[in-house]
file protein_10.pdb (PDB, C-alpha atoms and all ligand atoms)
ATOM      1  CA  MET A   3      45.984 313.503-122.165  1.00  0.00           C
ATOM      2  CA  SER A   4      43.137 311.019-122.639  1.00  0.00           C
ATOM      3  CA  LYS A   5      41.369 312.283-119.531  1.00  0.00           C
ATOM      4  CA  GLY A   6      41.929 315.456-117.572  1.00  0.00           C
ATOM      5  CA  ARG A   7      42.485 319.093-118.305  1.00  0.00           C
ATOM      6  CA  LEU A   8      44.695 320.991-120.724  1.00  0.00           C
ATOM      7  CA  GLU A   9      45.148 324.745-120.935  1.00  0.00           C
ATOM      8  CA  ILE A  10      46.139 326.045-124.353  1.00  0.00           C
ATOM      9  CA  LEU A  11      47.416 329.612-124.382  1.00  0.00           C
ATOM     10  CA  ARG A  12      46.658 331.925-127.281  1.00  0.00           C
ATOM     11  CA  GLY A  13      49.043 331.182-130.122  1.00  0.00           C
ATOM     12  CA  GLU A  14      49.783 327.672-128.856  1.00  0.00           C
ATOM     13  CA  GLY A  15      48.315 324.247-129.569  1.00  0.00           C
ATOM     14  CA  GLY A  16      47.704 320.836-128.108  1.00  0.00           C
ATOM     15  CA  ALA A  17      46.748 317.343-129.262  1.00  0.00           C
ATOM     16  CA  PHE A  18      45.212 314.406-127.417  1.00  0.00           C
ATOM     17  CA  GLU A  19      43.122 311.284-127.793  1.00  0.00           C
ATOM     18  CA  VAL A  20      39.398 311.294-127.133  1.00  0.00           C
ATOM     19  CA  ARG A  21      37.802 307.861-126.939  1.00  0.00           C
ATOM     20  CA  ALA A  22      34.331 307.021-128.230  1.00  0.00           C
ATOM     21  CA  GLY A  23      31.776 308.031-125.603  1.00  0.00           C
ATOM     22  CA  GLN A  24      34.073 310.507-123.863  1.00  0.00           C
ATOM     23  CA  VAL A  25      33.090 314.164-123.761  1.00  0.00           C
ATOM     24  CA  LEU A  26      35.538 316.895-124.714  1.00  0.00           C
ATOM     25  CA  ARG A  27      34.710 320.270-123.212  1.00  0.00           C
ATOM     26  CA  ILE A  28      36.313 323.260-124.921  1.00  0.00           C
ATOM     27  CA  GLY A  29      36.028 326.313-122.729  1.00  0.00           C
ATOM     28  CA  GLN A  30      37.262 329.870-122.764  1.00  0.00           C
ATOM     29  CA  GLY A  31      40.300 331.004-120.845  1.00  0.00           C
ATOM     30  CA  PRO A  32      40.334 334.309-118.938  1.00  0.00           C
ATOM     31  CA  GLY A  33      39.052 337.186-121.040  1.00  0.00           C
ATOM     32  CA  GLY A  34      36.863 335.187-123.426  1.00  0.00           C
ATOM     33  CA  GLY A  35      36.720 335.637-127.190  1.00  0.00           C
ATOM     34  CA  GLN A  36      39.267 332.933-128.002  1.00  0.00           C
ATOM     35  CA  VAL A  37      38.822 331.074-131.321  1.00  0.00           C
ATOM     36  CA  GLY A  38      40.049 327.477-131.613  1.00  0.00           C
ATOM     37  CA  ASP A  39      40.964 325.693-134.847  1.00  0.00           C
ATOM     38  CA  LEU A  40      40.113 322.029-134.220  1.00  0.00           C
ATOM     39  CA  ASP A  41      41.358 319.197-136.417  1.00  0.00           C
ATOM     40  CA  ALA A  42      40.313 315.602-135.761  1.00  0.00           C
ATOM     41  CA  TRP A  43      41.180 312.183-137.174  1.00  0.00           C
ATOM     42  CA  ASN A  44      39.962 308.650-136.639  1.00  0.00           C
ATOM     43  CA  LEU A  45      42.565 307.433-134.160  1.00  0.00           C
ATOM     44  CA  HIS A  46      42.865 304.095-135.987  1.00  0.00           C
ATOM     45  CA  ASP A  47      42.714 305.333-139.601  1.00  0.00           C
ATOM     46  CA  ARG A  48      43.996 308.847-140.147  1.00  0.00           C
ATOM     47  CA  ARG A  49      42.691 308.988-143.703  1.00  0.00           C
ATOM     48  CA  GLU A  50      39.338 309.717-142.041  1.00  0.00           C
ATOM     49  CA  ALA A  51      39.245 313.296-140.732  1.00  0.00           C
ATOM     50  CA  PHE A  52      36.797 316.059-139.906  1.00  0.00           C
ATOM     51  CA  HIS A  53      34.890 317.201-143.013  1.00  0.00           C
ATOM     52  CA  GLY A  54      33.681 320.796-142.695  1.00  0.00           C
ATOM     53  CA  ALA A  55      31.947 320.978-146.074  1.00  0.00           C
ATOM     54  CA  ARG A  56      29.918 317.820-145.396  1.00  0.00           C
ATOM     55  CA  THR A  57      29.046 319.128-141.936  1.00  0.00           C
ATOM     56  CA  ALA A  58      27.869 322.420-143.468  1.00  0.00           C
ATOM     57  CA  GLY A  59      25.724 320.486-145.927  1.00  0.00           C
ATOM     58  CA  TYR A  60      23.851 318.784-143.108  1.00  0.00           C
ATOM     59  CA  HIS A  61      23.763 321.487-140.440  1.00  0.00           C
ATOM     60  CA  GLY A  62      24.721 324.806-142.063  1.00  0.00           C
ATOM     61  CA  MET A  63      27.876 326.892-141.916  1.00  0.00           C
ATOM     62  CA  HIS A  64      27.550 327.287-138.134  1.00  0.00           C
ATOM     63  CA  VAL A  65      26.885 324.451-135.705  1.00  0.00           C
ATOM     64  CA  THR A  66      25.361 324.338-132.244  1.00  0.00           C
ATOM     65  CA  THR A  67      23.733 321.997-129.718  1.00  0.00           C
ATOM     66  CA  GLY A  68      22.414 318.805-131.324  1.00  0.00           C
ATOM     67  CA  ASP A  69      24.469 319.125-134.517  1.00  0.00           C
ATOM     68  CA  GLN A  70      27.167 316.641-135.448  1.00  0.00           C
ATOM     69  CA  LEU A  71      30.667 317.016-136.873  1.00  0.00           C
ATOM     70  CA  TRP A  72      31.031 314.662-139.866  1.00  0.00           C
ATOM     71  CA  SER A  73      34.069 312.871-141.274  1.00  0.00           C
ATOM     72  CA  THR A  74      35.590 312.414-144.716  1.00  0.00           C
ATOM     73  CA  PRO A  75      35.664 309.122-146.629  1.00  0.00           C
ATOM     74  CA  PRO A  76      36.376 306.332-145.940  1.00  0.00           C
ATOM     75  CA  GLY A  77      34.182 306.866-142.846  1.00  0.00           C
ATOM     76  CA  GLU A  78      31.620 309.554-143.784  1.00  0.00           C
ATOM     77  CA  ARG A  79      29.864 309.466-140.433  1.00  0.00           C
ATOM     78  CA  PRO A  80      29.444 311.579-137.317  1.00  0.00           C
ATOM     79  CA  MET A  81      32.724 312.024-135.398  1.00  0.00           C
ATOM     80  CA  PHE A  82      31.274 314.227-132.645  1.00  0.00           C
ATOM     81  CA  THR A  83      27.867 315.263-131.366  1.00  0.00           C
ATOM     82  CA  ILE A  84      27.533 318.719-129.814  1.00  0.00           C
ATOM     83  CA  LEU A  85      25.877 318.016-126.462  1.00  0.00           C
ATOM     84  CA  GLU A  86      25.983 321.573-125.193  1.00  0.00           C
ATOM     85  CA  ASP A  87      26.852 324.997-126.573  1.00  0.00           C
ATOM     86  CA  THR A  88      26.553 327.811-124.063  1.00  0.00           C
ATOM     87  CA  VAL A  89      27.353 330.571-126.572  1.00  0.00           C
ATOM     88  CA  ALA A  90      24.230 332.601-127.112  1.00  0.00           C
ATOM     89  CA  ARG A  91      23.434 332.317-130.829  1.00  0.00           C
ATOM     90  CA  ARG A  92      23.198 336.026-131.617  1.00  0.00           C
ATOM     91  CA  ARG A  93      23.945 337.523-135.019  1.00  0.00           C
ATOM     92  CA  SER A  94      26.455 340.343-135.226  1.00  0.00           C
ATOM     93  CA  PRO A  95      25.309 343.556-136.978  1.00  0.00           C
ATOM     94  CA  ARG A  96      26.861 342.129-140.184  1.00  0.00           C
ATOM     95  CA  GLY A  97      25.096 338.812-139.688  1.00  0.00           C
ATOM     96  CA  ALA A  98      27.860 336.602-138.329  1.00  0.00           C
ATOM     97  CA  LEU A  99      27.130 333.474-136.262  1.00  0.00           C
ATOM     98  CA  GLN A 100      29.365 331.415-133.977  1.00  0.00           C
ATOM     99  CA  HIS A 101      31.158 328.060-134.525  1.00  0.00           C
ATOM    100  CA  ASP A 102      32.148 328.098-138.196  1.00  0.00           C
ATOM    101  CA  VAL A 103      32.841 324.887-140.136  1.00  0.00           C
ATOM    102  CA  LEU A 104      33.998 326.373-143.466  1.00  0.00           C
ATOM    103  CA  LEU A 105      36.630 329.109-143.234  1.00  0.00           C
ATOM    104  CA  GLY A 106      40.267 328.267-143.888  1.00  0.00           C
ATOM    105  CA  ARG A 107      42.853 328.345-141.145  1.00  0.00           C
ATOM    106  CA  CYS A 108      45.539 331.003-140.827  1.00  0.00           C
ATOM    107  CA  SER A 109      49.174 330.207-141.562  1.00  0.00           C
ATOM    108  CA  ARG A 110      52.548 331.910-141.376  1.00  0.00           C
ATOM    109  CA  ARG A 111      52.217 332.887-145.052  1.00  0.00           C
ATOM    110  CA  VAL A 112      48.710 334.328-144.617  1.00  0.00           C
ATOM    111  CA  ARG A 113      49.761 336.265-141.525  1.00  0.00           C
ATOM    112  CA  LEU A 114      52.754 337.727-143.342  1.00  0.00           C
ATOM    113  CA  TRP A 115      50.652 338.702-146.348  1.00  0.00           C
ATOM    114  CA  ARG A 116      47.700 340.080-144.406  1.00  0.00           C
ATOM    115  CA  TYR A 117      49.297 341.584-141.281  1.00  0.00           C
ATOM    116  CA  GLY A 118      53.028 341.798-142.047  1.00  0.00           C
ATOM    117  CA  SER A 119      53.639 339.424-139.138  1.00  0.00           C
ATOM    118  CA  ASP A 120      56.174 336.648-139.775  1.00  0.00           C
ATOM    119  CA  THR A 121      54.823 334.451-136.979  1.00  0.00           C
ATOM    120  CA  PRO A 122      53.230 330.982-136.841  1.00  0.00           C
ATOM    121  CA  GLY A 123      49.568 330.586-137.709  1.00  0.00           C
ATOM    122  CA  CYS A 124      47.177 327.757-136.958  1.00  0.00           C
ATOM    123  CA  GLN A 125      48.753 325.662-139.752  1.00  0.00           C
ATOM    124  CA  GLU A 126      52.171 325.676-138.079  1.00  0.00           C
ATOM    125  CA  ILE A 127      50.715 325.419-134.570  1.00  0.00           C
ATOM    126  CA  LEU A 128      48.703 322.325-135.548  1.00  0.00           C
ATOM    127  CA  VAL A 129      51.736 320.746-137.258  1.00  0.00           C
ATOM    128  CA  ALA A 130      53.730 321.106-134.029  1.00  0.00           C
ATOM    129  CA  ALA A 131      50.858 319.681-131.970  1.00  0.00           C
ATOM    130  CA  ILE A 132      50.455 316.493-134.031  1.00  0.00           C
ATOM    131  CA  GLU A 133      54.140 315.780-134.622  1.00  0.00           C
ATOM    132  CA  PRO A 134      54.435 313.652-131.427  1.00  0.00           C
ATOM    133  CA  PHE A 135      51.617 311.455-132.794  1.00  0.00           C
ATOM    134  CA  GLY A 136      53.497 310.702-136.013  1.00  0.00           C
ATOM    135  CA  LEU A 137      51.466 313.041-138.228  1.00  0.00           C
ATOM    136  CA  GLY A 138      52.905 315.722-140.505  1.00  0.00           C
ATOM    137  CA  PRO A 139      51.910 318.938-142.301  1.00  0.00           C
ATOM    138  CA  GLU A 140      50.046 316.915-144.927  1.00  0.00           C
ATOM    139  CA  HIS A 141      47.574 315.750-142.276  1.00  0.00           C
ATOM    140  CA  VAL A 142      46.462 319.254-141.238  1.00  0.00           C
ATOM    141  CA  HIS A 143      43.062 319.954-142.763  1.00  0.00           C
ATOM    142  CA  ASP A 144      40.322 322.571-142.789  1.00  0.00           C
ATOM    143  CA  ALA A 145      39.265 323.059-139.193  1.00  0.00           C
ATOM    144  CA  PHE A 146      36.159 323.229-137.067  1.00  0.00           C
ATOM    145  CA  ASN A 147      36.519 326.869-136.017  1.00  0.00           C
ATOM    146  CA  VAL A 148      35.035 326.700-132.568  1.00  0.00           C
ATOM    147  CA  PHE A 149      33.891 330.088-131.203  1.00  0.00           C
ATOM    148  CA  MET A 150      34.690 331.752-134.562  1.00  0.00           C
ATOM    149  CA  TYR A 151      32.133 334.415-135.551  1.00  0.00           C
ATOM    150  CA  THR A 152      31.679 334.318-139.336  1.00  0.00           C
ATOM    151  CA  GLY A 153      29.287 335.030-142.163  1.00  0.00           C
ATOM    152  CA  ILE A 154      28.887 335.649-145.900  1.00  0.00           C
ATOM    153  CA  ASP A 155      28.543 339.223-147.137  1.00  0.00           C
ATOM    154  CA  GLU A 156      26.472 340.684-149.985  1.00  0.00           C
ATOM    155  CA  ASN A 157      29.331 339.941-152.445  1.00  0.00           C
ATOM    156  CA  ASP A 158      29.323 336.257-151.462  1.00  0.00           C
ATOM    157  CA  ARG A 159      32.628 336.660-149.601  1.00  0.00           C
ATOM    158  CA  THR A 160      33.225 335.161-146.196  1.00  0.00           C
ATOM    159  CA  PHE A 161      34.091 337.471-143.327  1.00  0.00           C
ATOM    160  CA  PHE A 162      34.690 337.255-139.600  1.00  0.00           C
ATOM    161  CA  ASP A 163      33.953 339.468-136.660  1.00  0.00           C
ATOM    162  CA  PRO A 164      35.943 339.130-133.411  1.00  0.00           C
ATOM    163  CA  SER A 165      34.582 336.249-131.339  1.00  0.00           C
ATOM    164  CA  ASP A 166      32.021 337.337-128.762  1.00  0.00           C
ATOM    165  CA  ALA A 167      32.376 334.172-126.639  1.00  0.00           C
ATOM    166  CA  LEU A 168      32.280 334.985-122.935  1.00  0.00           C
ATOM    167  CA  GLU A 169      34.774 333.853-120.341  1.00  0.00           C
ATOM    168  CA  ASP A 170      32.452 331.158-118.964  1.00  0.00           C
ATOM    169  CA  ASP A 171      31.301 329.808-122.342  1.00  0.00           C
ATOM    170  CA  HIS A 172      32.012 326.248-123.401  1.00  0.00           C
ATOM    171  CA  VAL A 173      31.122 323.636-125.993  1.00  0.00           C
ATOM    172  CA  ASP A 174      30.763 319.929-125.118  1.00  0.00           C
ATOM    173  CA  LEU A 175      31.579 317.422-127.873  1.00  0.00           C
ATOM    174  CA  ARG A 176      30.814 313.706-127.424  1.00  0.00           C
ATOM    175  CA  ALA A 177      33.152 311.544-129.484  1.00  0.00           C
ATOM    176  CA  GLU A 178      31.305 309.036-131.655  1.00  0.00           C
ATOM    177  CA  LEU A 179      34.538 307.187-132.516  1.00  0.00           C
ATOM    178  CA  ASP A 180      38.045 307.079-131.097  1.00  0.00           C
ATOM    179  CA  CYS A 181      39.695 310.280-132.269  1.00  0.00           C
ATOM    180  CA  LEU A 182      42.945 312.167-132.232  1.00  0.00           C
ATOM    181  CA  VAL A 183      42.123 315.840-131.712  1.00  0.00           C
ATOM    182  CA  ALA A 184      44.420 318.826-132.235  1.00  0.00           C
ATOM    183  CA  ILE A 185      43.482 322.390-131.317  1.00  0.00           C
ATOM    184  CA  SER A 186      45.207 325.668-132.047  1.00  0.00           C
ATOM    185  CA  ALA A 187      44.210 328.684-129.950  1.00  0.00           C
ATOM    186  CA  CYS A 188      44.250 331.002-132.964  1.00  0.00           C
ATOM    187  CA  PRO A 189      46.657 333.955-132.650  1.00  0.00           C
ATOM    188  CA  GLY A 190      44.739 335.862-135.339  1.00  0.00           C
ATOM    189  CA  ARG A 191      42.243 338.685-135.248  1.00  0.00           C
ATOM    190  CA  SER A 192      39.206 336.403-135.316  1.00  0.00           C
ATOM    191  CA  SER A 193      39.839 336.070-131.578  1.00  0.00           C
ATOM    192  CA  GLY A 194      38.664 338.967-129.442  1.00  0.00           C
ATOM    193  CA  PRO A 195      41.130 341.531-128.066  1.00  0.00           C
ATOM    194  CA  ALA A 196      41.003 340.100-124.541  1.00  0.00           C
ATOM    195  CA  ALA A 197      41.436 336.443-125.578  1.00  0.00           C
ATOM    196  CA  THR A 198      44.073 334.475-123.667  1.00  0.00           C
ATOM    197  CA  GLY A 199      43.454 330.873-124.686  1.00  0.00           C
ATOM    198  CA  LEU A 200      41.266 327.805-124.233  1.00  0.00           C
ATOM    199  CA  VAL A 201      40.750 325.189-121.543  1.00  0.00           C
ATOM    200  CA  CYS A 202      40.080 321.610-122.725  1.00  0.00           C
ATOM    201  CA  GLU A 203      38.701 318.916-120.434  1.00  0.00           C
ATOM    202  CA  ILE A 204      37.952 315.267-121.179  1.00  0.00           C
ATOM    203  CA  ARG A 205      35.580 313.186-119.088  1.00  0.00           C
ATOM    204  CA  ASP A 206      33.916 309.778-119.385  1.00  0.00           C
TER     205      ASP A 206
HETATM  206 ZN    ZN A 301      44.360 330.836-136.852  1.00  0.00          ZN
END

call {"tool": "encode", "arguments": {"input": "protein_10.pdb", "output": "structure tokens"}}
result
Amino acid sequence: MSKGRLEILRGEGGAFEVRAGQVLRIGQGPGGGQVGDLDAWNLHDRREAFHGARTAGYHGMHVTTGDQLWSTPPGERPMFTILEDTVARRRSPRGALQHDVLLGRCSRRVRLWRYGSDTPGCQEILVAAIEPFGLGPEHVHDAFNVFMYTGIDENDRTFFDPSDALEDDHVDLRAELDCLVAISACPGRSSGPAATGLVCEIRD
């Protein structure tokens, strides 16, 4: 897909090109509350990828309309600009906010350790999604956790609450360079109980 629509069911992934100037809309599937783990690379130089820590330095741990998603060296520049974020920016009782750029992704090993579930996590789902593009496990990196509801507690530990994104919520990202994007619709408990997946659309 470099234009069009892609549905990604919970626990599955997808990858596609987004050209500079195109807008990627990431929306909720039926039920709402779905978290997506988004990885992105410069389409022409995959050493340059999304850089969550740099993004947090400029915009904070949670991003919203007007913020930009930054890249690692050798680029170190905006990869995406958030044109629209319909999620109401409301803190949870514990102080969480939406659209996290710092927390690590889940993996088969983490899911086994934490939940006793020997099933693929976002690490494995992203690996499968990028394999057709010639990328491997070593290319998967810390994600932009779109719709993820996270915070830092009084002991300086990160936490998440189930995503409160509604069924009609979406985020629009304008690509600032040609990118390869991979998204995992996270199977984990950071997604709400009714979550079913994400709907991605690309337009000029
Ligand atoms: Zn996950």

call {"tool": "resolve_selection", "arguments": {"input": "protein_10.pdb", "expression": "the PyMOL selection byres (((not hetatm)) within 10 of (chain A and resi 301))", "output": "MDAnalysis selection string"}}
result
chainID A and resid 12:13 37:39 106:110 112:113 122:128 145 147 150 186:193

call {"tool": "resolve_selection", "arguments": {"input": "protein_10.pdb", "expression": "the PyMOL selection byres (((chain A and resi 66) around 10) and not hetatm)", "output": "PyMOL selection string"}}
result
chain A and resi 61-62+64-65+67-70+83-91+100-102+148+173-174

call {"tool": "closest_residue", "arguments": {"input": "protein_10.pdb", "among": "A:Ile154, A:Met63, A:Val25, A:Leu11", "to": "A:Leu104", "atoms": "only C-alpha atoms"}}
result
A:Met63

call {"tool": "atom_distance", "arguments": {"input": "protein_10.pdb", "atom1": "atom CA of A:Gly6", "atom2": "atom CA of A:Ala167"}}
result
22.9 Å

call {"tool": "residues_near_point", "arguments": {"input": "protein_10.pdb", "point": "(42.0, 312.5, -136.4)", "cutoff": "6 Å", "atoms": "all atoms listed in the file", "output": "ChimeraX atom specification"}}
result
/A:42-45,48,51,181-183

call {"tool": "residues_near_point", "arguments": {"input": "protein_10.pdb", "point": "(40.2, 315.2, -121.9)", "cutoff": "8 Å", "atoms": "all atoms listed in the file", "output": "ChimeraX atom specification"}}
result
/A:3-8,18-20,24-27,202-205

call {"tool": "closest_residue", "arguments": {"input": "protein_10.pdb", "among": "A:Leu168, A:Ile28, A:Leu137, A:Ile132", "to": "A:Val201", "atoms": "only C-alpha atoms"}}
result
A:Ile28

call {"tool": "atom_distance", "arguments": {"input": "protein_10.pdb", "atom1": "atom CA of A:Arg176", "atom2": "atom CA of A:Gly35"}}
result
22.7 Å

call {"tool": "closest_residue", "arguments": {"input": "protein_10.pdb", "among": "A:Pro195, A:Gly138, A:Gly97, A:Pro75", "to": "A:Glu156", "atoms": "all atoms listed in the file"}}
result
A:Gly97

call {"tool": "atom_distance", "arguments": {"input": "protein_10.pdb", "atom1": "atom CA of A:Thr198", "atom2": "atom CA of A:Tyr151"}}
result
16.8 Å

call {"tool": "closest_residue", "arguments": {"input": "protein_10.pdb", "among": "A:Glu178, A:Asp41, A:Glu133, A:Asp166", "to": "A:Thr152", "atoms": "only C-alpha atoms"}}
result
A:Asp166

call {"tool": "resolve_selection", "arguments": {"input": "protein_10.pdb", "expression": "the PyMOL selection byres (((chain A and resi 72) around 6) and not hetatm)", "output": "ChimeraX atom specification"}}
result
/A:52-53,57,71,73,79-81

call {"tool": "residues_around", "arguments": {"input": "protein_10.pdb", "residues": "A:Asp155", "least_positions_apart": "6", "cutoff": "10 Å", "atoms": "only C-alpha atoms", "output": "JSON, numbers by chain"}}
result
{"A": [96, 97, 98, 161, 162]}

call {"tool": "closest_residue", "arguments": {"input": "protein_10.pdb", "among": "A:Pro139, A:Gly16, A:Arg56, A:Gly34", "to": "A:Asp171", "atoms": "only C-alpha atoms"}}
result
A:Gly34
